[in-house]
file run.cif (mmCIF, C-alpha atoms)
data_structure
#
loop_
_atom_site.group_PDB
_atom_site.id
_atom_site.type_symbol
_atom_site.label_atom_id
_atom_site.label_comp_id
_atom_site.auth_asym_id
_atom_site.auth_seq_id
_atom_site.Cartn_x
_atom_site.Cartn_y
_atom_site.Cartn_z
ATOM 1 C CA MET M 1 24.139 -36.065 33.665
ATOM 2 C CA GLY M 2 21.014 -37.759 34.949
ATOM 3 C CA HIS M 3 20.300 -34.746 37.152
ATOM 4 C CA ILE M 4 20.385 -32.420 34.097
ATOM 5 C CA GLU M 5 18.032 -34.745 32.230
ATOM 6 C CA LYS M 6 15.581 -34.636 35.130
ATOM 7 C CA ILE M 7 15.655 -30.828 35.086
ATOM 8 C CA LEU M 8 15.091 -30.709 31.323
ATOM 9 C CA GLU M 9 12.219 -33.210 31.550
ATOM 10 C CA PHE M 10 10.542 -31.306 34.386
ATOM 11 C CA GLU M 11 6.926 -30.461 33.477
ATOM 12 C CA ILE M 12 5.981 -26.810 33.946
ATOM 13 C CA ILE M 13 2.394 -27.101 32.724
ATOM 14 C CA SER M 14 0.317 -30.185 31.948
ATOM 15 C CA ILE M 15 -3.128 -30.007 30.304
ATOM 16 C CA GLY M 16 -4.508 -33.414 29.389
ATOM 17 C CA GLN M 17 -2.156 -35.070 26.934
ATOM 18 C CA TYR M 18 -0.322 -31.818 26.293
ATOM 19 C CA ASN M 19 2.509 -30.673 28.532
ATOM 20 C CA LEU M 20 5.190 -28.041 28.604
ATOM 21 C CA LYS M 21 8.627 -29.129 29.746
ATOM 22 C CA ILE M 22 11.759 -27.085 30.346
ATOM 23 C CA ILE M 23 13.403 -28.719 27.327
ATOM 24 C CA SER M 24 10.392 -27.607 25.246
ATOM 25 C CA LEU M 25 11.033 -23.995 26.308
ATOM 26 C CA PHE M 26 14.630 -24.292 25.143
ATOM 27 C CA VAL M 27 13.461 -25.714 21.802
ATOM 28 C CA ILE M 28 10.924 -22.902 21.387
ATOM 29 C CA LEU M 29 13.556 -20.272 22.160
ATOM 30 C CA LEU M 30 15.909 -21.977 19.719
ATOM 31 C CA ILE M 31 13.243 -21.904 16.978
ATOM 32 C CA ILE M 32 12.611 -18.179 17.564
ATOM 33 C CA VAL M 33 16.327 -17.326 17.606
ATOM 34 C CA VAL M 34 17.038 -19.393 14.468
ATOM 35 C CA THR M 35 14.048 -17.798 12.713
ATOM 36 C CA LYS M 36 15.295 -14.291 13.528
ATOM 37 C CA ILE M 37 18.836 -15.156 12.370
ATOM 38 C CA VAL M 38 17.538 -16.638 9.098
ATOM 39 C CA LEU M 39 15.378 -13.548 8.456
ATOM 40 C CA TRP M 40 18.319 -11.251 9.237
ATOM 41 C CA LEU M 41 20.533 -13.136 6.765
ATOM 42 C CA ILE M 42 17.826 -13.063 4.079
ATOM 43 C CA LYS M 43 17.204 -9.345 4.625
ATOM 44 C CA ARG M 44 20.911 -8.583 4.435
ATOM 45 C CA SER M 45 21.204 -10.626 1.247
ATOM 46 C CA ILE M 46 18.197 -9.001 -0.452
ATOM 47 C CA PHE M 47 19.101 -5.424 0.457
ATOM 48 C CA ARG M 48 22.752 -5.599 -0.488
ATOM 49 C CA LYS M 49 23.843 -2.646 -2.632
ATOM 50 C CA LYS M 50 24.871 -4.940 -5.460
ATOM 51 C CA LYS M 51 21.415 -6.448 -5.523
ATOM 52 C CA LEU M 52 19.648 -3.091 -5.359
ATOM 53 C CA ALA M 53 21.394 -2.020 -8.558
ATOM 54 C CA LYS M 54 19.298 -4.591 -10.424
ATOM 55 C CA PHE M 55 16.361 -4.957 -8.052
ATOM 56 C CA ASN M 56 14.810 -1.751 -6.750
ATOM 57 C CA GLU M 57 14.047 -1.135 -3.102
ATOM 58 C CA GLY M 58 10.281 -1.509 -3.461
ATOM 59 C CA ASN M 59 10.559 -4.951 -5.036
ATOM 60 C CA SER M 60 13.132 -6.002 -2.427
ATOM 61 C CA TYR M 61 10.830 -4.932 0.390
ATOM 62 C CA ALA M 62 7.850 -6.839 -1.084
ATOM 63 C CA SER M 63 9.906 -10.013 -1.519
ATOM 64 C CA PHE M 64 11.245 -9.837 2.029
ATOM 65 C CA GLN M 65 7.766 -9.303 3.497
ATOM 66 C CA LEU M 66 6.413 -12.415 1.758
ATOM 67 C CA ILE M 67 9.424 -14.497 2.826
ATOM 68 C CA LYS M 68 9.095 -13.219 6.413
ATOM 69 C CA TYR M 69 5.431 -14.213 6.674
ATOM 70 C CA VAL M 70 6.093 -17.698 5.265
ATOM 71 C CA ILE M 71 9.037 -18.339 7.602
ATOM 72 C CA TRP M 72 7.115 -17.184 10.680
ATOM 73 C CA ILE M 73 4.183 -19.444 9.741
ATOM 74 C CA ILE M 74 6.596 -22.384 9.514
ATOM 75 C CA ALA M 75 8.151 -21.376 12.862
ATOM 76 C CA ALA M 76 4.703 -21.196 14.482
ATOM 77 C CA GLY M 77 3.931 -24.685 13.170
ATOM 78 C CA LEU M 78 7.184 -26.034 14.655
ATOM 79 C CA ILE M 79 6.411 -24.397 18.023
ATOM 80 C CA LEU M 80 2.983 -26.054 18.097
ATOM 81 C CA GLU M 81 4.587 -29.390 17.246
ATOM 82 C CA THR M 82 6.940 -28.856 20.204
ATOM 83 C CA PHE M 83 3.875 -28.628 22.469
ATOM 84 C CA GLY M 84 2.694 -31.926 20.997
ATOM 85 C CA VAL M 85 -0.035 -30.340 18.880
ATOM 86 C CA LYS M 86 -0.359 -31.943 15.443
ATOM 87 C CA VAL M 87 -0.818 -29.004 13.100
ATOM 88 C CA THR M 88 -2.444 -31.000 10.295
ATOM 89 C CA ILE M 89 -4.997 -32.517 12.693
ATOM 90 C CA LEU M 90 -5.598 -29.114 14.257
ATOM 91 C CA ILE M 91 -6.332 -27.523 10.877
ATOM 92 C CA ALA M 92 -8.632 -30.382 9.818
ATOM 93 C CA GLY M 93 -10.479 -30.407 13.151
ATOM 94 C CA SER M 94 -11.010 -26.666 13.230
ATOM 95 C CA ALA M 95 -12.157 -26.282 9.610
ATOM 96 C CA ALA M 96 -15.740 -25.463 10.605
ATOM 97 C CA LEU M 97 -14.540 -22.996 13.239
ATOM 98 C CA LEU M 98 -12.264 -21.303 10.694
ATOM 99 C CA VAL M 99 -15.228 -20.933 8.321
ATOM 100 C CA GLY M 100 -17.239 -19.251 11.082
ATOM 101 C CA ILE M 101 -14.355 -16.957 11.969
ATOM 102 C CA GLY M 102 -13.861 -16.192 8.283
ATOM 103 C CA LEU M 103 -17.473 -15.070 7.928
ATOM 104 C CA GLY M 104 -17.190 -12.880 11.017
ATOM 105 C CA LEU M 105 -13.883 -11.365 9.952
ATOM 106 C CA GLN M 106 -14.613 -11.241 6.234
ATOM 107 C CA GLN M 107 -13.290 -7.700 5.768
ATOM 108 C CA THR M 108 -10.107 -8.497 7.706
ATOM 109 C CA PHE M 109 -9.436 -11.567 5.558
ATOM 110 C CA ASN M 110 -10.207 -9.483 2.480
ATOM 111 C CA ASP M 111 -7.534 -6.985 3.568
ATOM 112 C CA ILE M 112 -5.039 -9.811 4.227
ATOM 113 C CA ILE M 113 -5.624 -11.393 0.804
ATOM 114 C CA SER M 114 -5.277 -7.932 -0.746
ATOM 115 C CA GLY M 115 -1.972 -7.494 1.122
ATOM 116 C CA ILE M 116 -0.664 -10.767 -0.293
ATOM 117 C CA ILE M 117 -1.727 -9.638 -3.780
ATOM 118 C CA LEU M 118 0.037 -6.284 -3.389
ATOM 119 C CA LEU M 119 3.247 -7.910 -2.143
ATOM 120 C CA SER M 120 3.273 -10.594 -4.847
ATOM 121 C CA GLU M 121 2.144 -8.467 -7.822
ATOM 122 C CA ARG M 122 4.381 -5.521 -6.842
ATOM 123 C CA SER M 123 2.112 -3.110 -8.725
ATOM 124 C CA ILE M 124 2.395 -0.856 -5.650
ATOM 125 C CA LYS M 125 5.841 -0.397 -4.081
ATOM 126 C CA ILE M 126 7.470 1.578 -1.297
ATOM 127 C CA GLU M 127 7.928 5.283 -2.213
ATOM 128 C CA ASP M 128 5.191 5.086 -4.887
ATOM 129 C CA ILE M 129 2.951 8.170 -5.115
ATOM 130 C CA LEU M 130 -0.730 7.156 -5.182
ATOM 131 C CA GLU M 131 -3.926 9.133 -5.600
ATOM 132 C CA ILE M 132 -6.656 7.415 -3.547
ATOM 133 C CA ASP M 133 -10.099 8.989 -3.173
ATOM 134 C CA GLY M 134 -8.654 12.349 -4.227
ATOM 135 C CA ASP M 135 -5.875 12.218 -1.620
ATOM 136 C CA VAL M 136 -2.212 12.046 -2.742
ATOM 137 C CA VAL M 137 -0.211 9.614 -0.588
ATOM 138 C CA LYS M 138 3.406 8.416 -0.570
ATOM 139 C CA ILE M 139 3.542 4.724 0.436
ATOM 140 C CA GLN M 140 5.917 4.118 3.351
ATOM 141 C CA GLU M 141 5.057 0.556 4.338
ATOM 142 C CA ILE M 142 3.016 -2.335 2.918
ATOM 143 C CA GLY M 143 1.763 -4.705 5.605
ATOM 144 C CA LEU M 144 -0.255 -7.887 5.459
ATOM 145 C CA ARG M 145 -3.545 -6.203 6.457
ATOM 146 C CA SER M 146 -2.936 -2.501 5.890
ATOM 147 C CA SER M 147 -0.445 -0.107 4.348
ATOM 148 C CA LYS M 148 0.939 3.123 5.776
ATOM 149 C CA GLY M 149 1.312 6.293 3.755
ATOM 150 C CA LEU M 150 2.141 9.966 4.165
ATOM 151 C CA ASN M 151 -0.089 12.601 2.609
ATOM 152 C CA THR M 152 0.987 16.027 1.378
ATOM 153 C CA ASP M 153 0.226 17.531 4.819
ATOM 154 C CA ASP M 154 2.810 15.142 6.376
ATOM 155 C CA ILE M 155 0.054 13.192 8.146
ATOM 156 C CA SER M 156 0.402 9.404 8.367
ATOM 157 C CA ILE M 157 -2.555 7.523 6.898
ATOM 158 C CA ILE M 158 -3.387 3.856 7.534
ATOM 159 C CA ILE M 159 -4.932 2.408 4.360
ATOM 160 C CA PRO M 160 -6.737 -0.982 4.346
ATOM 161 C CA ASN M 161 -5.153 -3.032 1.567
ATOM 162 C CA SER M 162 -8.563 -3.871 0.064
ATOM 163 C CA LEU M 163 -9.083 -0.137 -0.602
ATOM 164 C CA ILE M 164 -6.043 -0.186 -2.889
ATOM 165 C CA THR M 165 -6.856 -3.421 -4.731
ATOM 166 C CA THR M 166 -10.603 -2.909 -5.251
ATOM 167 C CA ASN M 167 -10.818 0.848 -5.960
ATOM 168 C CA LYS M 168 -9.498 2.954 -8.798
ATOM 169 C CA VAL M 169 -6.018 4.084 -7.767
ATOM 170 C CA ILE M 170 -3.728 6.375 -9.777
ATOM 171 C CA ASN M 171 -0.057 5.473 -9.371
ATOM 172 C CA TRP M 172 1.832 8.622 -10.375
ATOM 173 C CA SER M 173 5.250 6.924 -10.193
ATOM 174 C CA HIS M 174 4.532 3.409 -11.512
ATOM 175 C CA GLN M 175 6.211 3.649 -14.912
ATOM 176 C CA THR M 176 8.752 6.387 -14.265
ATOM 177 C CA LYS M 177 9.930 8.784 -11.561
ATOM 178 C CA LYS M 178 8.942 11.775 -13.714
ATOM 179 C CA THR M 179 5.372 12.774 -14.527
ATOM 180 C CA ARG M 180 3.756 15.320 -16.820
ATOM 181 C CA PHE M 181 1.691 18.064 -15.193
ATOM 182 C CA ARG M 182 -0.240 21.066 -16.424
ATOM 183 C CA ILE M 183 -1.251 24.540 -15.324
ATOM 184 C CA ASP M 184 -4.291 26.302 -16.800
ATOM 185 C CA VAL M 185 -4.222 30.078 -17.277
ATOM 186 C CA GLY M 186 -6.818 32.476 -18.707
ATOM 187 C CA VAL M 187 -6.047 35.987 -19.990
ATOM 188 C CA SER M 188 -8.009 38.894 -21.435
ATOM 189 C CA TYR M 189 -9.043 38.793 -25.101
ATOM 190 C CA ALA M 190 -7.129 42.045 -25.584
ATOM 191 C CA SER M 191 -3.821 40.307 -24.744
ATOM 192 C CA ASP M 192 -1.024 39.644 -27.264
ATOM 193 C CA VAL M 193 -1.159 35.842 -27.748
ATOM 194 C CA ASP M 194 2.505 35.504 -28.729
ATOM 195 C CA LEU M 195 3.588 37.539 -25.705
ATOM 196 C CA VAL M 196 1.473 35.392 -23.367
ATOM 197 C CA LEU M 197 2.938 32.187 -24.851
ATOM 198 C CA LYS M 198 6.445 33.548 -24.288
ATOM 199 C CA ILE M 199 5.734 34.620 -20.683
ATOM 200 C CA LEU M 200 4.205 31.271 -19.765
ATOM 201 C CA GLU M 201 7.126 29.304 -21.225
ATOM 202 C CA GLU M 202 9.717 31.504 -19.506
ATOM 203 C CA SER M 203 7.868 31.202 -16.184
ATOM 204 C CA ALA M 204 7.969 27.396 -16.311
ATOM 205 C CA LEU M 205 11.620 27.278 -17.378
ATOM 206 C CA GLU M 206 12.673 29.470 -14.435
ATOM 207 C CA HIS M 207 11.665 26.817 -11.891
ATOM 208 C CA SER M 208 14.437 24.445 -10.790
ATOM 209 C CA ASP M 209 12.124 21.416 -10.378
ATOM 210 C CA ILE M 210 11.171 21.320 -14.067
ATOM 211 C CA PHE M 211 12.630 18.177 -15.655
ATOM 212 C CA GLU M 212 13.745 18.069 -19.316
ATOM 213 C CA LYS M 213 13.094 21.747 -19.989
ATOM 214 C CA ASP M 214 13.107 21.251 -23.763
ATOM 215 C CA LEU M 215 9.822 19.351 -23.333
ATOM 216 C CA VAL M 216 7.997 22.311 -21.773
ATOM 217 C CA GLU M 217 5.019 23.135 -23.986
ATOM 218 C CA VAL M 218 2.546 26.041 -23.931
ATOM 219 C CA ARG M 219 -0.745 25.885 -25.820
ATOM 220 C CA LEU M 220 -3.700 28.125 -26.570
ATOM 221 C CA VAL M 221 -6.381 25.546 -25.831
ATOM 222 C CA ASN M 222 -9.695 27.387 -25.956
ATOM 223 C CA PHE M 223 -11.629 30.594 -26.576
ATOM 224 C CA GLY M 224 -13.449 30.815 -23.245
ATOM 225 C CA ASN M 225 -16.518 32.835 -22.307
ATOM 226 C CA SER M 226 -14.432 35.562 -20.681
ATOM 227 C CA SER M 227 -10.823 34.685 -21.535
ATOM 228 C CA LEU M 228 -8.283 33.161 -23.866
ATOM 229 C CA ASP M 229 -7.426 29.846 -22.188
ATOM 230 C CA PHE M 230 -3.797 28.671 -22.165
ATOM 231 C CA GLN M 231 -2.149 25.540 -20.821
ATOM 232 C CA ILE M 232 1.430 24.910 -19.657
ATOM 233 C CA LEU M 233 2.647 21.301 -19.909
ATOM 234 C CA PHE M 234 5.850 20.254 -18.133
ATOM 235 C CA TYR M 235 7.613 17.264 -16.561
ATOM 236 C CA SER M 236 8.779 17.096 -12.951
ATOM 237 C CA LYS M 237 10.277 14.477 -10.625
ATOM 238 C CA ASN M 238 8.939 16.297 -7.578
ATOM 239 C CA ILE M 239 5.646 14.410 -7.803
ATOM 240 C CA PHE M 240 4.761 14.391 -4.126
ATOM 241 C CA ARG M 241 5.224 18.159 -3.713
ATOM 242 C CA ILE M 242 3.965 19.147 -7.148
ATOM 243 C CA ASN M 243 1.374 21.572 -5.750
ATOM 244 C CA LYS M 244 4.224 23.647 -4.304
ATOM 245 C CA VAL M 245 5.915 23.639 -7.738
ATOM 246 C CA LYS M 246 2.694 24.752 -9.427
ATOM 247 C CA SER M 247 2.226 27.509 -6.856
ATOM 248 C CA ASP M 248 5.754 28.810 -7.494
ATOM 249 C CA ILE M 249 5.195 28.857 -11.252
ATOM 250 C CA ARG M 250 1.855 30.669 -10.883
ATOM 251 C CA ARG M 251 3.593 33.276 -8.711
ATOM 252 C CA ILE M 252 6.233 33.822 -11.408
ATOM 253 C CA ILE M 253 3.484 34.123 -14.032
ATOM 254 C CA THR M 254 1.636 36.723 -11.936
ATOM 255 C CA LYS M 255 4.770 38.884 -11.624
ATOM 256 C CA LYS M 256 5.476 38.713 -15.358
ATOM 257 C CA PHE M 257 1.852 39.492 -16.238
ATOM 258 C CA ILE M 258 1.982 42.614 -14.055
ATOM 259 C CA GLN M 259 5.289 43.696 -15.631
ATOM 260 C CA ASN M 260 3.897 43.208 -19.159
ATOM 261 C CA LYS M 261 0.398 44.547 -18.348
ATOM 262 C CA VAL M 262 -1.316 41.260 -19.190
ATOM 263 C CA THR M 263 -4.613 40.941 -17.318
ATOM 264 C CA ILE M 264 -6.465 37.898 -16.025
ATOM 265 C CA PRO M 265 -10.174 38.738 -16.483
ATOM 266 C CA PHE M 266 -12.976 38.187 -14.018
ATOM 267 C CA PRO M 267 -15.832 35.950 -15.227
ATOM 268 C CA GLN M 268 -18.383 38.164 -16.941
ATOM 269 C CA MET M 269 -22.040 37.731 -17.766
ATOM 270 C CA ASP M 270 -24.198 40.097 -19.797
ATOM 271 C CA VAL M 271 -27.832 40.274 -18.723
ATOM 272 C CA TYR M 272 -30.431 41.799 -21.062
ATOM 273 C CA ILE M 273 -33.739 42.904 -19.540
ATOM 274 C CA LYS M 274 -36.627 43.158 -21.952
ATOM 275 C CA SER M 275 -39.455 45.388 -20.918
ATOM 276 C CA ASN M 276 -43.004 44.333 -21.840
ATOM 277 C CA ALA M 277 -44.618 47.464 -20.390
ATOM 278 C CA LYS M 278 -47.128 49.164 -22.711
ATOM 279 C CA GLY M 279 -47.634 52.877 -22.854
ATOM 280 C CA ASP M 280 -50.997 54.467 -22.048
#

call {"tool": "encode", "arguments": {"input": "run.cif", "output": "structure tokens"}}
result
Amino acid sequence: MGHIEKILEFEIISIGQYNLKIISLFVILLIIVVTKIVLWLIKRSIFRKKKLAKFNEGNSYASFQLIKYVIWIIAAGLILETFGVKVTILIAGSAALLVGIGLGLQQTFNDIISGIILLSERSIKIEDILEIDGDVVKIQEIGLRSSKGLNTDDISIIIPNSLITTNKVINWSHQTKKTRFRIDVGVSYASDVDLVLKILEESALEHSDIFEKDLVEVRLVNFGNSSLDFQILFYSKNIFRINKVKSDIRRIITKKFIQNKVTIPFPQMDVYIKSNAKGD
């Protein structure tokens, strides 16, 4: 027994009053293993199917991320204590250094604070469709410093969290999974208005991604310079790929216009030239 104690008390590294013993390594490994087990149990509990019925996946993910960061911070504190480092004294003694680091890494800390805000507020969740700086992105992951999204070209984008919290961001799926969209169409002044309204409505209703088809609405919105301007309003759940839906509907409209001899006019401009020439 005494031989085992000697092995456990054997010093691997010694720096001043701090030392690393074999028993300390075992304690550190135990802390890491226990931390991982606790996080696994919490994750399994949060993401259970019964829970997800009341608590959607985005909220569950945000809650787990916050819990994970807190538990790892506690684990890191315990590991430092195992080395003999007093965490409270370390924080107090390095306050000035932390201020200097904070000034140097101001943007990084800004992103981290923004990440905490996003995870706690839950205004942005996983699978949300955002419009940021004119780019439509589906959020795949919300991290502490940055978030990862996928744009409509299937390219992964890393977004600093401060960009989401400080800029104007449109969340297409915040309130509901369906969103109202519109398509603008202009036709010749010689066209039959009632016929155009009918064609536009039928074209929208033919598409399978139109949600609640009784809410499809077609309007004559303006007498333009060269055309009668119409607008199709419809709901769809295919928010992320809505440009493909719009393209399909426009293609249907084009076919029906050709069949019914409805023309889309080119922009026109009349120019009058006044001659000031005087006869002899």

call {"tool": "residues_around", "arguments": {"input": "run.cif", "residues": "Thr179 in chain M", "least_positions_apart": "5", "cutoff": "7 Å", "atoms": "all atoms listed in the file", "output": "PyMOL selection string"}}
result
chain M and resi 172+235-237+239

call {"tool": "write_last_selection", "arguments": {"input": "run.cif", "atoms": "C-alpha atoms", "output": "PDB file, keeping the file's coordinate frame"}}
result
ATOM      1  CA  TRP M 172       1.832   8.622 -10.375  1.00  0.00           C
ATOM      2  CA  TYR M 235       7.613  17.264 -16.561  1.00  0.00           C
ATOM      3  CA  SER M 236       8.779  17.096 -12.951  1.00  0.00           C
ATOM      4  CA  LYS M 237      10.277  14.477 -10.625  1.00  0.00           C
ATOM      5  CA  ILE M 239       5.646  14.410  -7.803  1.00  0.00           C
TER       6      ILE M 239
END

call {"tool": "closest_residue", "arguments": {"input": "run.cif", "among": "M:Leu118, M:Val271, M:Val137, M:Ile142", "to": "Ile157 in chain M", "atoms": "only C-alpha atoms"}}
result
M:Val137

call {"tool": "closest_residue", "arguments": {"input": "run.cif", "among": "M:Ser114, M:Asn222, M:Thr35, M:Gln107", "to": "Trp72 in chain M", "atoms": "all atoms listed in the file"}}
result
M:Thr35

call {"tool": "closest_atom_pairs", "arguments": {"input": "run.cif", "of": "range 115-221 of chain M", "to": "range 240-246 of chain M", "cutoff": "10 Å", "atoms": "all atoms listed in the file", "output": "JSON lines"}}
result
{"residue": "M:Glu127", "atom": "CA", "partner": "M:Phe240", "partner_atom": "CA", "distance": 9.8}
{"residue": "M:Asp128", "atom": "CA", "partner": "M:Phe240", "partner_atom": "CA", "distance": 9.3}
{"residue": "M:Ile129", "atom": "CA", "partner": "M:Phe240", "partner_atom": "CA", "distance": 6.6}
{"residue": "M:Leu130", "atom": "CA", "partner": "M:Phe240", "partner_atom": "CA", "distance": 9.1}
{"residue": "M:Val136", "atom": "CA", "partner": "M:Phe240", "partner_atom": "CA", "distance": 7.5}
{"residue": "M:Val137", "atom": "CA", "partner": "M:Phe240", "partner_atom": "CA", "distance": 7.7}
{"residue": "M:Lys138", "atom": "CA", "partner": "M:Phe240", "partner_atom": "CA", "distance": 7.1}
{"residue": "M:Leu150", "atom": "CA", "partner": "M:Phe240", "partner_atom": "CA", "distance": 9.8}
{"residue": "M:Asn151", "atom": "CA", "partner": "M:Phe240", "partner_atom": "CA", "distance": 8.5}
{"residue": "M:Thr152", "atom": "CA", "partner": "M:Phe240", "partner_atom": "CA", "distance": 6.9}
{"residue": "M:Asp153", "atom": "CA", "partner": "M:Arg241", "partner_atom": "CA", "distance": 9.9}
{"residue": "M:Trp172", "atom": "CA", "partner": "M:Phe240", "partner_atom": "CA", "distance": 9.0}
{"residue": "M:Ser173", "atom": "CA", "partner": "M:Phe240", "partner_atom": "CA", "distance": 9.6}
{"residue": "M:Thr179", "atom": "CA", "partner": "M:Ile242", "partner_atom": "CA", "distance": 9.9}
{"residue": "M:Phe181", "atom": "CA", "partner": "M:Ile242", "partner_atom": "CA", "distance": 8.4}
{"residue": "M:Arg182", "atom": "CA", "partner": "M:Lys246", "partner_atom": "CA", "distance": 8.4}
{"residue": "M:Ile183", "atom": "CA", "partner": "M:Lys246", "partner_atom": "CA", "distance": 7.1}
{"residue": "M:Ala204", "atom": "CA", "partner": "M:Lys246", "partner_atom": "CA", "distance": 9.1}
{"residue": "M:His207", "atom": "CA", "partner": "M:Val245", "partner_atom": "CA", "distance": 7.8}
{"residue": "M:Ser208", "atom": "CA", "partner": "M:Val245", "partner_atom": "CA", "distance": 9.1}
{"residue": "M:Asp209", "atom": "CA", "partner": "M:Val245", "partner_atom": "CA", "distance": 7.1}
{"residue": "M:Ile210", "atom": "CA", "partner": "M:Val245", "partner_atom": "CA", "distance": 8.5}

call {"tool": "atom_distance", "arguments": {"input": "run.cif", "atom1": "CA of Gly143 in chain M", "atom2": "CA of Ser45 in chain M"}}
result
20.8 Å

call {"tool": "residues_around", "arguments": {"input": "run.cif", "residues": "Val218 in chain M", "least_positions_apart": "6", "cutoff": "9 Å", "atoms": "all atoms listed in the file", "output": "compact mmCIF listing (two decimals) with C-alpha atoms, keeping the file's coordinate frame"}}
result
# COMPACT_ATOMS: atom_id res chain seq x y z
CA LEU M 197 2.94 32.19 -24.85
CA LYS M 198 6.44 33.55 -24.29
CA LEU M 200 4.20 31.27 -19.76
CA GLU M 201 7.13 29.30 -21.22
CA PHE M 230 -3.80 28.67 -22.16
CA GLN M 231 -2.15 25.54 -20.82
CA ILE M 232 1.43 24.91 -19.66
CA LEU M 233 2.65 21.30 -19.91
CA PHE M 234 5.85 20.25 -18.13

call {"tool": "resolve_selection", "arguments": {"input": "run.cif", "expression": "the PyMOL selection byres ((chain M and resi 66) around 10)", "output": "PDB file with C-alpha atoms, in the coordinates of the input"}}
result
ATOM      1  CA  TYR M  61      10.830  -4.932   0.390  1.00  0.00           C
ATOM      2  CA  ALA M  62       7.850  -6.839  -1.084  1.00  0.00           C
ATOM      3  CA  SER M  63       9.906 -10.013  -1.519  1.00  0.00           C
ATOM      4  CA  PHE M  64      11.245  -9.837   2.029  1.00  0.00           C
ATOM      5  CA  GLN M  65       7.766  -9.303   3.497  1.00  0.00           C
ATOM      6  CA  ILE M  67       9.424 -14.497   2.826  1.00  0.00           C
ATOM      7  CA  LYS M  68       9.095 -13.219   6.413  1.00  0.00           C
ATOM      8  CA  TYR M  69       5.431 -14.213   6.674  1.00  0.00           C
ATOM      9  CA  VAL M  70       6.093 -17.698   5.265  1.00  0.00           C
ATOM     10  CA  ILE M  71       9.037 -18.339   7.602  1.00  0.00           C
ATOM     11  CA  GLY M 115      -1.972  -7.494   1.122  1.00  0.00           C
ATOM     12  CA  ILE M 116      -0.664 -10.767  -0.293  1.00  0.00           C
ATOM     13  CA  LEU M 119       3.247  -7.910  -2.143  1.00  0.00           C
ATOM     14  CA  SER M 120       3.273 -10.594  -4.847  1.00  0.00           C
ATOM     15  CA  GLY M 143       1.763  -4.705   5.605  1.00  0.00           C
ATOM     16  CA  LEU M 144      -0.255  -7.887   5.459  1.00  0.00           C
TER      17      LEU M 144
END

call {"tool": "atom_distance", "arguments": {"input": "run.cif", "atom1": "CA of Phe26 in chain M", "atom2": "CA of Gly77 in chain M"}}
result
16.1 Å

call {"tool": "atom_distance", "arguments": {"input": "run.cif", "atom1": "CA of Gly186 in chain M", "atom2": "CA of Thr254 in chain M"}}
result
11.6 Å

call {"tool": "resolve_selection", "arguments": {"input": "run.cif", "expression": "the PyMOL selection byres ((chain M and resi 158) around 9)", "output": "compact mmCIF listing (two decimals) with C-alpha atoms, keeping the file's coordinate frame"}}
result
# COMPACT_ATOMS: atom_id res chain seq x y z
CA SER M 146 -2.94 -2.50 5.89
CA SER M 147 -0.44 -0.11 4.35
CA LYS M 148 0.94 3.12 5.78
CA GLY M 149 1.31 6.29 3.76
CA LEU M 150 2.14 9.97 4.16
CA SER M 156 0.40 9.40 8.37
CA ILE M 157 -2.56 7.52 6.90
CA ILE M 159 -4.93 2.41 4.36
CA PRO M 160 -6.74 -0.98 4.35

call {"tool": "closest_residue", "arguments": {"input": "run.cif", "among": "M:Ser227, M:Arg250, M:Lys43, M:Asp135", "to": "Ala190 in chain M", "atoms": "only C-alpha atoms"}}
result
M:Ser227

call {"tool": "axis_aligned_box", "arguments": {"input": "run.cif", "around": "range 204-220 of chain M", "padding_each_side": "8 Å", "output": "lines of an AutoDock Vina configuration file"}}
result
center_x = 5.4
center_y = 23.8
center_z = -18.5
size_x = 34.1
size_y = 27.4
size_z = 32.2

call {"tool": "residues_around", "arguments": {"input": "run.cif", "residues": "Ile31 in chain M", "least_positions_apart": "6", "cutoff": "9 Å", "atoms": "only C-alpha atoms", "output": "VMD selection string"}}
result
chain M and resid 75 to 76 78 to 79

call {"tool": "write_last_selection", "arguments": {"input": "run.cif", "atoms": "C-alpha atoms", "output": "compact mmCIF listing (two decimals), keeping the file's coordinate frame"}}
result
# COMPACT_ATOMS: atom_id res chain seq x y z
CA ALA M 75 8.15 -21.38 12.86
CA ALA M 76 4.70 -21.20 14.48
CA LEU M 78 7.18 -26.03 14.66
CA ILE M 79 6.41 -24.40 18.02
